[in-house]
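Trainee: Sharing a structure here in structure tokens format.
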Amino acid sequence: MSALEAIGLVKRFGALVVTDDVTLKVPVGARLALIGPNGAGKTTLVGLLTGLLRPDTGTVVLNGRDVTALAPALRVKQGLVRTFQINNLFRGLTILENVFLAVSEHAGSSFAMLRPAGRCKPLVERSEAILDMLGLADVRHQTITDVSYGRQRLVEIAIALSLDPKVLLLDEPAAGIPGNEVARLLDTIARLPKDLAILLIEHDMHVVRQFAQEVMVLVAGRVLMTGSPQEVMSSSEVRTVYLGGARTTHA
Amino acid sequence: MLEIRGLTGGWGPTTVIEDLSVTVQAGETVAIIGRNGVGKSTLLELIVGRAQRRSGAIRFGATDFVPLRTYQRSAAGLGYVPQEREVFASLTVKENLAVAQRPGRWTQASALKLFPGLANRLTSLGRQLSGGEQQMLSIARALVGNPKVLLMDEPSEGLAPVVVEQLVAALKSAVGDGALAVLLVEQRIEVALDLASRCIIMDRGHVVHEASTASIKADSTRIGELMGLGAEARVN
Amino acid sequence: MTDVLSALSFIGIYGVSYGVVLFTISIGLVVMMGLMRVVNMAHGVFAVVGGYITVSLMNSHGVPFALAALIAVLAVAAGSVVVERIFFVKLYGAPELDHVLMTIGLMFIGMAGLNLVFGPDIVPAHLPEALAANVHLGERTLQVYRIFIVVFGAVLMIALWYVFERTSFGARLRAAVDNRGMAEAVGINVRRLFSMAFALGSGLAAVGGAVGFAVLPLEPAYAFKYLVLILIVVSMSGIGNLRASAWVSIALGVIDTAGRYFHPEIGGFIIYAVLIAWMVFRGHTLLHSPSSR
Amino acid sequence: MNHSPLLNRHRIHWAEIAYWLMALAVFFLFPRNLSLATAIVIMALFALSLDLVMGYAGVVSMGHAVFFGIGAYGAGLISLAGHHEPITGAILAGLAAASFALMVGPVLMGLSGLPQIMVTLALNVILYEAGNKAIAITGGDDGLRGIKLDPLLGLFKWTVFGQTSYLYALGWLFVLFLVVRCLVSSPFGVSLQGLRENTERMRFIGTPVRRQLVVVYVVSGFIAGIAGAVSAQTVKFVGLEALSVEKSIDALVMLVLGGVGRLYGALIGAPVYMLVHQVASEWNPFHWMFVIGGLLIVVVMFARGGMLGVAAMLAARLRGGR
């Protein structure tokens with residue numbers, strides 16, 4: 001069974017068809033990358049999958065359940081979690097506190113008023129376990145602003161993991177990170193639980209090549225092709241799209 | 001004319017440009033190409049002074065740009081056509097040009113000659129223009145500031161092919177007599193190659209290749225590799 | 001019938017003149033908030049200081065009204081630049097709470113200073129003879145002053161329209177409100193423009209205080225007393241929106257006057273109720289609305 | 001720093017014990033000044049209620065005196081209606097304030113930034129005007145007089161020098177302080193801080209943002225209401241100033257002066273502010289405005305964390321060896 005499945009998604013803005021009959025399958029444990037030039041409709045597709053936008057036709061199925069009509073927050077509760085392109089963290093809090101917030105919310109404890117947060121052992125332990133998995137344990141007591149941008153991106157992923165995702169949508173995780181930190185980030189992503197399905201939206205082919213088992217190319221709202229990274233990169237169609245010339249739509 | 005050495009910077013805490021060096025000579029047009037998200041626009045924003053420089057030098061002729069604020073860089077002779085056009089939405093076309101006007105060979109009249117469509121809409125507000133018209137206005141606005149160096153971020157985007165041809169011709173004539181140097185970011189390689197004498201290929205905030213237009217036209221395989229595709233690329 | 005007519009014209013003239021004064025004082029803050037995103041609780045201090053200077057020049061030095069007002073306005077505009085350089089530069093880009101706290105502090109200091117110099121009492125409004133005269137309107141009498149204010153307001157609005165819409169200063173100001181970053185990129189020194197706009201804004205407040213001292217009586221607590229009214233105008237007008245703030249001010253003036261006229265018991269509430277209703281339904285657009293004319 | 005402060009809030013610092021011992025010592029050291037001391041304790045409680053919403057949840061309430069005033073008039077009216085037991089009287093008055101918070105909270109908590117500042121301010125002005133007009137209930141300018149109370153717990157009479165009053169007020173402050181302390185240390189409190197830092201992101205992790213803000217606003221309204229009630233009960237008089245914007249600003253200034261979002265900011269800001277006020281007002285009430293104005297400007301320009309912020313910074317510097 002696919003963890004996430006989209007069937008025949010169509011989205012129009014006025015006369016412009018931004019998503020044109022897109023069908024995709026993200027099996028359990030998948031490592032799928034979504035690429036495409038500017039204006040290909042990646043952002044819209046992510047919006048349709050996460051529930052920020054409603055498709056004109058088509059369905060989104062999450063773990064076998066039709067979630068097309070569900071609001072984003074409810075999809076999160078069902079296990080579809082995304083990270084954000086631009087860092088959107090609690091900057092004045094420590095890394096542990098950032099993750100604690102999400103863990104506590106997910107455990108339904110955000111209205112618990114009587115017990116000190118530091119004594120809520122299960123919540124603290126789960127937060128620390130997630131930070132351990134992402135290699136952030138040593139900096140857990142530092143505030144967000146005190147760690148490198150690469151590590152901030154990892155906190156972004158840690159928050160997403162706290163929400164217990166079945167499908168994780170990583171939106172350009174490597175954007176804005178200095179070159180020497182990208183390797184560590186990719187390493188960490190590679191070590192995420194095997195049963196987690198990951199959909200990566202990325203511009204950078206180097207990142208895609210290292211991460212993906214399968215690559216889907218989106219052009220002008222349509223799926224141009226799907227295949228292994230090698231197949232995609234040797235396709236002449238893809239090259240044409242990436243090197244300009246055939247820009248059928250503009251951003 | 002414009003000399004950038006060891007530049008590192010980005011937006012807020014991000015690092016988008018890393019240790020990058022580029023020079024543009026007077027009267028020269030240099031194109032920066034590269035796939036999405038490699039930092040081409042950020043490089044221009046760093047030169048304008050709207051993104052945050054971490055280290056490195058930006059020199060403009062004999063002037064050190066680093067301590068200058070954005071408006072001072074503009075006054076020193078830097079023109080800018082940003083990617084999002086950024087015309088002043090509540091100003092008329094005429095006012096958009098008037099606030100940017102500085103004395104020199106480009107006047108409102110001569111700039112509007114490039115874009116006859118715009119000349120008919122002088123009293124329209126910026127927000128009432130179509131995307132293409134906004135793009136023309138943004139270019140005209142940069143020209144009437146009579147810059148010595150013009151930074152253009154995808155100027156062909158959203159323009160009809162005929163207008164692109166006109167624009168390319170006009171820019172060629174402006175550059176041809178040595179009055180204007182241009183640093184151009186362009187995704188349409190054919191436009192970039194048509195305008196520029198030299199091309200710079202960027203990836204992940206670095207310059208990965210720099211060559212004359214002619215040699216780039218001759219070596220499309222290498223360009224494809226450099227742009228992260230690993231095989232031959234078709235360039236015109 | 002004539003009763004109704006005279007009541008309506010009374011409300012009209014009083015309401016509009018009240019609105020004009022409100023507009024003159026508030027418009028400066030509308031511009032400052034649009035351009036600099038500065039919340040200035042102390043804005044009324046500029047107005048009241050303008051009023052005090054005018055009145056004391058007239059009363060104790062025998063300076064004619066128009067000249068006294070002119071001197072007062074120039075003095076306040078010049079002084080405000082100093083205040084901006086010392087205090088407000090610290091606020092650009094700071095959280096709104098900082099703006100509120102600092103400018104409340106400035107307002108308190110202004111109030112204490114006025115008390116120190118002019119004493120705690122309301123200043124009796126002695127109008128120049130020409131303005132103090134009465135004209136008859138049906139069974140009621142109306143001061144020439146009120147008509148003067150209405151005419152003055154019309155002239156001021158035309159002048160402001162000219163400055164904002166027809167001068168290069170106005171165009172640059174609007175460009176900077178639209179897109180500050182791009183304004184800098186075309187060579188506009190936005191920081192200097194801020195100082196000029198600040199001087200203009202506080203100068204206009206001083207005009208309101210000087211010309212309107214018989215509508216809004218001068219006292220040390222003036223800035224605090226009329227704060228909420230000024231904020232209502234600013235928040236309902238939207239960012240940098242000249243025309244809207246004129247209409248809002250006049251509407252408030254008329255509504256308030258009518259309310260007090262017909263229902264003196266609850267008249268004072270009407271304005272606040274309007275504000276709350278507005279905020280609840282439109283509050284989210286405040287400070288985010290694109291500028292328009 | 002080697003810990004995550006939000007998760008360690010429940011740990012008690014020695015300075016806290018010292019603070020409360022000092023508050024108790026005042027009772028013995030200044031037996032002649034207990035009415036001032038009581039007023040300070042009440043304002044500390046009021047400022048504490050403001051800290052809960054402003055310092056922790058990031059809600060800027062410019063009209064918190066609304067709740068103080070409802071509590072004060074509530075307690076006065078309850079006593080005048082014949083219910084003289086002080087503690088239940090105060091609780092009822094606090095509940096009245098909390099119900100009002102529950103009424104206006106859903107609207108106010110949907111706003112943020114400048115609109116929130118202005119609507120809370122306008123609400124305060126309206127309620128003040130209403131209080132001024134509703135003479136039948138509030139007594140208008142004359143205020144409520146003739147408030148009578150049974151002895152506290154049936155044992156302690158309300159003495160002329162205010163011994164009972166002081167201990168009564170201090171007792172309320174202590175109990176409600178513990179409540180607030182418990183609240184801000186809990187996962188709920190951590191969640192509030194998340195809201196202050198980044199409301200948008202809280203939505204993305206699934207927090208019902210507005211509901212959480214309304215809950216904390218109601219609790220804060222209750223505490224402010226108790227502060228008003230205790231004020232009415234100890235002074236035996238309620239005047240319009242209890243509802244005034246000046247009262248709201250007083251609390252705001254005290255809190256900012258002491259340090260926002262630090263729990264003890266309110267508890268330290270109130271005495272400092274009130275003592276300076278006492279000295280400066282005897283001199284000239286208008287000159288007092290110079291002092292508050294100056295203090296506000298100094299805090300914004302040079303000492304954003306207030307006194308506690310500056311103290312923490314100095315302590316960190318000493319520890320850092322510089």
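Every chain in the structure tokens takes a letter, A first, then B, and so on in the order presented; its residues are numbered from 1, and the ligands are numbered from 1 following the presented order.
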As an MDAnalysis selection string, please: the residues near stretch 142-153 of chain D (cut-off 8 Å, only C-alpha atoms, same-chain neighbours under 2 positions excluded).
Mentor: chainID D and resid 73 76:77 79:80 84:87 138:140 155:158 164 168 232:233 236:240
Trainee: Restricted to N, CA, C and O atoms, what would the selected residues look like written as a short mmCIF file (atom, residue, chain, number, x, y, z; two decimals), in the first residue's frame?
Mentor:
```cif
data_model
loop_
_atom_site.label_atom_id
_atom_site.label_comp_id
_atom_site.auth_asym_id
_atom_site.auth_seq_id
_atom_site.Cartn_x
_atom_site.Cartn_y
_atom_site.Cartn_z
N TYR D 73 -15.18 46.87 41.71
CA TYR D 73 -16.60 47.18 41.85
C TYR D 73 -17.39 45.94 42.27
O TYR D 73 -18.31 46.02 43.08
N GLY D 76 -16.91 45.39 45.92
CA GLY D 76 -17.63 46.44 46.64
C GLY D 76 -19.13 46.17 46.66
O GLY D 76 -19.77 46.21 47.71
N LEU D 77 -19.66 45.86 45.49
CA LEU D 77 -21.11 45.64 45.38
C LEU D 77 -21.54 44.40 46.16
O LEU D 77 -22.60 44.38 46.79
N SER D 79 -20.18 43.26 48.86
CA SER D 79 -20.22 43.63 50.28
C SER D 79 -21.45 44.49 50.57
O SER D 79 -22.15 44.27 51.56
N LEU D 80 -21.70 45.46 49.69
CA LEU D 80 -22.86 46.35 49.92
C LEU D 80 -24.17 45.57 49.85
O LEU D 80 -25.16 45.95 50.45
N HIS D 84 -20.53 39.63 53.51
CA HIS D 84 -19.36 40.29 54.10
C HIS D 84 -18.15 39.38 54.24
O HIS D 84 -17.11 39.79 54.73
N GLU D 85 -18.28 38.12 53.84
CA GLU D 85 -17.14 37.22 53.97
C GLU D 85 -16.13 37.58 52.89
O GLU D 85 -16.44 37.56 51.70
N PRO D 86 -14.87 37.95 53.27
CA PRO D 86 -13.94 38.52 52.29
C PRO D 86 -13.46 37.53 51.21
O PRO D 86 -13.43 37.89 50.03
N ILE D 87 -13.09 36.32 51.59
CA ILE D 87 -12.43 35.44 50.62
C ILE D 87 -13.40 35.02 49.51
O ILE D 87 -13.10 35.14 48.32
N THR D 138 -22.05 52.42 40.10
CA THR D 138 -20.68 52.71 40.53
C THR D 138 -20.58 53.90 41.47
O THR D 138 -19.51 54.16 42.03
N GLY D 139 -21.66 54.63 41.60
CA GLY D 139 -21.60 55.84 42.41
C GLY D 139 -20.90 56.98 41.70
O GLY D 139 -20.64 58.02 42.30
N GLY D 140 -20.57 56.79 40.44
CA GLY D 140 -19.95 57.86 39.66
C GLY D 140 -18.68 58.37 40.31
O GLY D 140 -17.86 57.58 40.78
N LEU D 155 -11.64 35.14 62.37
CA LEU D 155 -10.74 35.29 63.52
C LEU D 155 -10.13 36.69 63.61
O LEU D 155 -10.08 37.27 64.70
N PHE D 156 -9.66 37.24 62.48
CA PHE D 156 -8.86 38.46 62.55
C PHE D 156 -9.67 39.67 62.13
O PHE D 156 -10.17 39.75 61.01
N LYS D 157 -9.77 40.61 63.05
CA LYS D 157 -10.50 41.84 62.75
C LYS D 157 -9.67 42.71 61.82
O LYS D 157 -8.45 42.61 61.79
N TRP D 158 -10.35 43.58 61.06
CA TRP D 158 -9.65 44.47 60.15
C TRP D 158 -9.16 45.68 60.92
O TRP D 158 -9.93 46.56 61.27
N THR D 164 -4.07 43.18 59.30
CA THR D 164 -4.83 42.11 58.65
C THR D 164 -4.83 42.31 57.14
O THR D 164 -4.64 41.37 56.37
N TYR D 168 -3.55 39.68 54.44
CA TYR D 168 -4.59 39.18 53.54
C TYR D 168 -4.15 39.35 52.08
O TYR D 168 -4.16 38.40 51.29
N ALA D 232 -10.45 46.85 46.80
CA ALA D 232 -11.71 47.37 47.32
C ALA D 232 -11.88 46.99 48.79
O ALA D 232 -12.29 47.80 49.63
N GLN D 233 -11.54 45.72 49.10
CA GLN D 233 -11.78 45.22 50.45
C GLN D 233 -10.86 45.85 51.48
O GLN D 233 -11.26 46.09 52.61
N LYS D 236 -11.63 49.77 51.47
CA LYS D 236 -13.04 49.98 51.80
C LYS D 236 -13.66 51.08 50.94
O LYS D 236 -14.53 51.82 51.38
N PHE D 237 -13.15 51.22 49.74
CA PHE D 237 -13.66 52.25 48.83
C PHE D 237 -13.29 51.85 47.41
O PHE D 237 -12.22 51.30 47.18
N VAL D 238 -14.20 52.12 46.46
CA VAL D 238 -13.87 51.91 45.06
C VAL D 238 -14.17 53.20 44.30
O VAL D 238 -15.28 53.73 44.38
N GLY D 239 -13.17 53.72 43.62
CA GLY D 239 -13.38 54.91 42.80
C GLY D 239 -13.17 54.59 41.34
O GLY D 239 -12.70 53.50 40.99
N LEU D 240 -13.50 55.56 40.49
CA LEU D 240 -13.38 55.33 39.05
C LEU D 240 -11.95 55.05 38.62
O LEU D 240 -11.72 54.42 37.59
#
```
Trainee: Please determine the contact residues of chain C with respect to chain D at a cut-off of 6 Å, counting only C-alpha atoms, and supply them as a list in words.
Mentor: Met102, Gly105, Leu106, Phe108, Ile109, Ala112 and Gly283 of chain C
Trainee: If we count only C-alpha atoms, which residues of chain D reach to within 12 Å of chain A? Please list them as a PyMOL selection string.
Mentor: chain D and resi 1-12+178-209+211-216+219
Trainee: Compile the residues of chain B that lie within 12 Å of chain C, evaluated using only C-alpha atoms, and express the compilation as number ranges by chain.
Mentor: B: 44-51, 68-102, 125-127, 138-147, 150-151
Trainee: So that I have them on file, write out the residues from the current selection with C-alpha atoms, as a JSON list (two decimals), in the first residue's frame.
Mentor:
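After the write, selection-v5.json holds the following:
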```json
[["chain", "number", "residue", "atom", "x", "y", "z"],
["B", 44, "LEU", "CA", 22.62, 40.82, -7.47],
["B", 45, "GLU", "CA", 20.87, 41.70, -4.21],
["B", 46, "LEU", "CA", 24.22, 41.62, -2.42],
["B", 47, "ILE", "CA", 25.65, 44.06, -4.95],
["B", 48, "VAL", "CA", 22.61, 46.34, -4.53],
["B", 49, "GLY", "CA", 22.90, 46.03, -0.77],
["B", 50, "ARG", "CA", 19.53, 44.53, 0.04],
["B", 51, "ALA", "CA", 20.89, 41.10, 1.04],
["B", 68, "LEU", "CA", 27.64, 52.45, 1.19],
["B", 69, "ARG", "CA", 23.91, 52.16, 1.67],
["B", 70, "THR", "CA", 21.65, 51.07, -1.11],
["B", 71, "TYR", "CA", 20.66, 54.55, -2.24],
["B", 72, "GLN", "CA", 24.28, 55.66, -2.28],
["B", 73, "ARG", "CA", 25.19, 52.71, -4.49],
["B", 74, "SER", "CA", 22.42, 53.75, -6.84],
["B", 75, "ALA", "CA", 23.67, 57.33, -6.85],
["B", 76, "ALA", "CA", 27.19, 56.09, -7.59],
["B", 77, "GLY", "CA", 25.88, 54.58, -10.84],
["B", 78, "LEU", "CA", 24.32, 51.22, -10.13],
["B", 79, "GLY", "CA", 21.04, 50.41, -11.87],
["B", 80, "TYR", "CA", 18.85, 47.49, -10.89],
["B", 81, "VAL", "CA", 16.03, 45.56, -12.52],
["B", 82, "PRO", "CA", 14.91, 43.10, -9.83],
["B", 83, "GLN", "CA", 13.37, 39.74, -10.55],
["B", 84, "GLU", "CA", 9.98, 40.67, -9.17],
["B", 85, "ARG", "CA", 10.04, 43.95, -11.11],
["B", 86, "GLU", "CA", 9.00, 45.87, -8.01],
["B", 87, "VAL", "CA", 7.44, 48.80, -9.78],
["B", 88, "PHE", "CA", 5.88, 51.27, -7.36],
["B", 89, "ALA", "CA", 2.31, 50.06, -7.38],
["B", 90, "SER", "CA", 0.61, 53.29, -6.33],
["B", 91, "LEU", "CA", 2.68, 55.57, -8.55],
["B", 92, "THR", "CA", 1.86, 56.26, -12.16],
["B", 93, "VAL", "CA", 4.21, 55.15, -14.92],
["B", 94, "LYS", "CA", 5.43, 58.72, -15.25],
["B", 95, "GLU", "CA", 6.03, 59.02, -11.51],
["B", 96, "ASN", "CA", 7.80, 55.67, -11.44],
["B", 97, "LEU", "CA", 10.28, 57.10, -13.92],
["B", 98, "ALA", "CA", 10.42, 60.54, -12.30],
["B", 99, "VAL", "CA", 11.48, 59.29, -8.87],
["B", 100, "ALA", "CA", 14.38, 57.39, -10.42],
["B", 101, "GLN", "CA", 15.46, 60.02, -12.94],
["B", 102, "ARG", "CA", 19.02, 61.32, -12.87],
["B", 125, "LEU", "CA", -0.75, 53.22, -11.86],
["B", 126, "GLY", "CA", 1.97, 50.63, -11.49],
["B", 127, "ARG", "CA", -0.50, 48.12, -10.15],
["B", 138, "SER", "CA", 11.19, 48.29, -14.35],
["B", 139, "ILE", "CA", 13.82, 48.32, -17.10],
["B", 140, "ALA", "CA", 12.97, 51.86, -18.19],
["B", 141, "ARG", "CA", 13.11, 53.00, -14.58],
["B", 142, "ALA", "CA", 16.60, 51.58, -14.24],
["B", 143, "LEU", "CA", 17.73, 53.24, -17.47],
["B", 144, "VAL", "CA", 16.54, 56.75, -16.59],
["B", 145, "GLY", "CA", 18.77, 56.57, -13.52],
["B", 146, "ASN", "CA", 21.61, 56.62, -16.08],
["B", 147, "PRO", "CA", 23.66, 53.89, -14.46],
["B", 150, "LEU", "CA", 23.11, 47.79, -14.89],
["B", 151, "LEU", "CA", 22.10, 44.66, -12.96]]
```
Trainee: Report, in Å with one decimal, the straight-line distance from atom CA of C:Phe152 to atom CA of C:Ile71.
Mentor: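 If I compute the distance from atom CA of C:Phe152 to atom CA of C:Ile71, I get 17.6 Å.
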Trainee: List every residue of stretch 64-109 of chain A that DSSP, applied to the backbone of this structure, assigns to alpha helix (DSSP H), and report them as a PyMOL selection string.
Mentor: chain A and resi 72-77+95-106
Trainee: Rounded to one decimal place, report the atom CA of C:Val248-atom CA of C:Ser235 distance in Å.
Mentor: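 Between atom CA of C:Val248 and atom CA of C:Ser235 the gap works out to 9.8 Å.
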Trainee: Just list as a PyMOL selection string whatever in stretch 27-201 of chain C DSSP marks as strand (DSSP E).
Mentor: chain C and resi 134-137+140-143
Trainee: So that I can see what lies close to C:Tyr272, please list as a PyMOL selection string the residues with an atom at most 9 Å from it, counting only C-alpha atoms and leaving out residues fewer than 2 positions away in the same chain.
Mentor: (chain C and resi 228-229+232+268-270+274-277) or (chain D and resi 122-123+125-126)
Trainee: Kindly indicate which residue among A:Pro178, A:Pro122, A:Gly8, A:Gly58 lies nearest to A:Val22, using only C-alpha atoms for the distances.
Mentor: A:Gly8
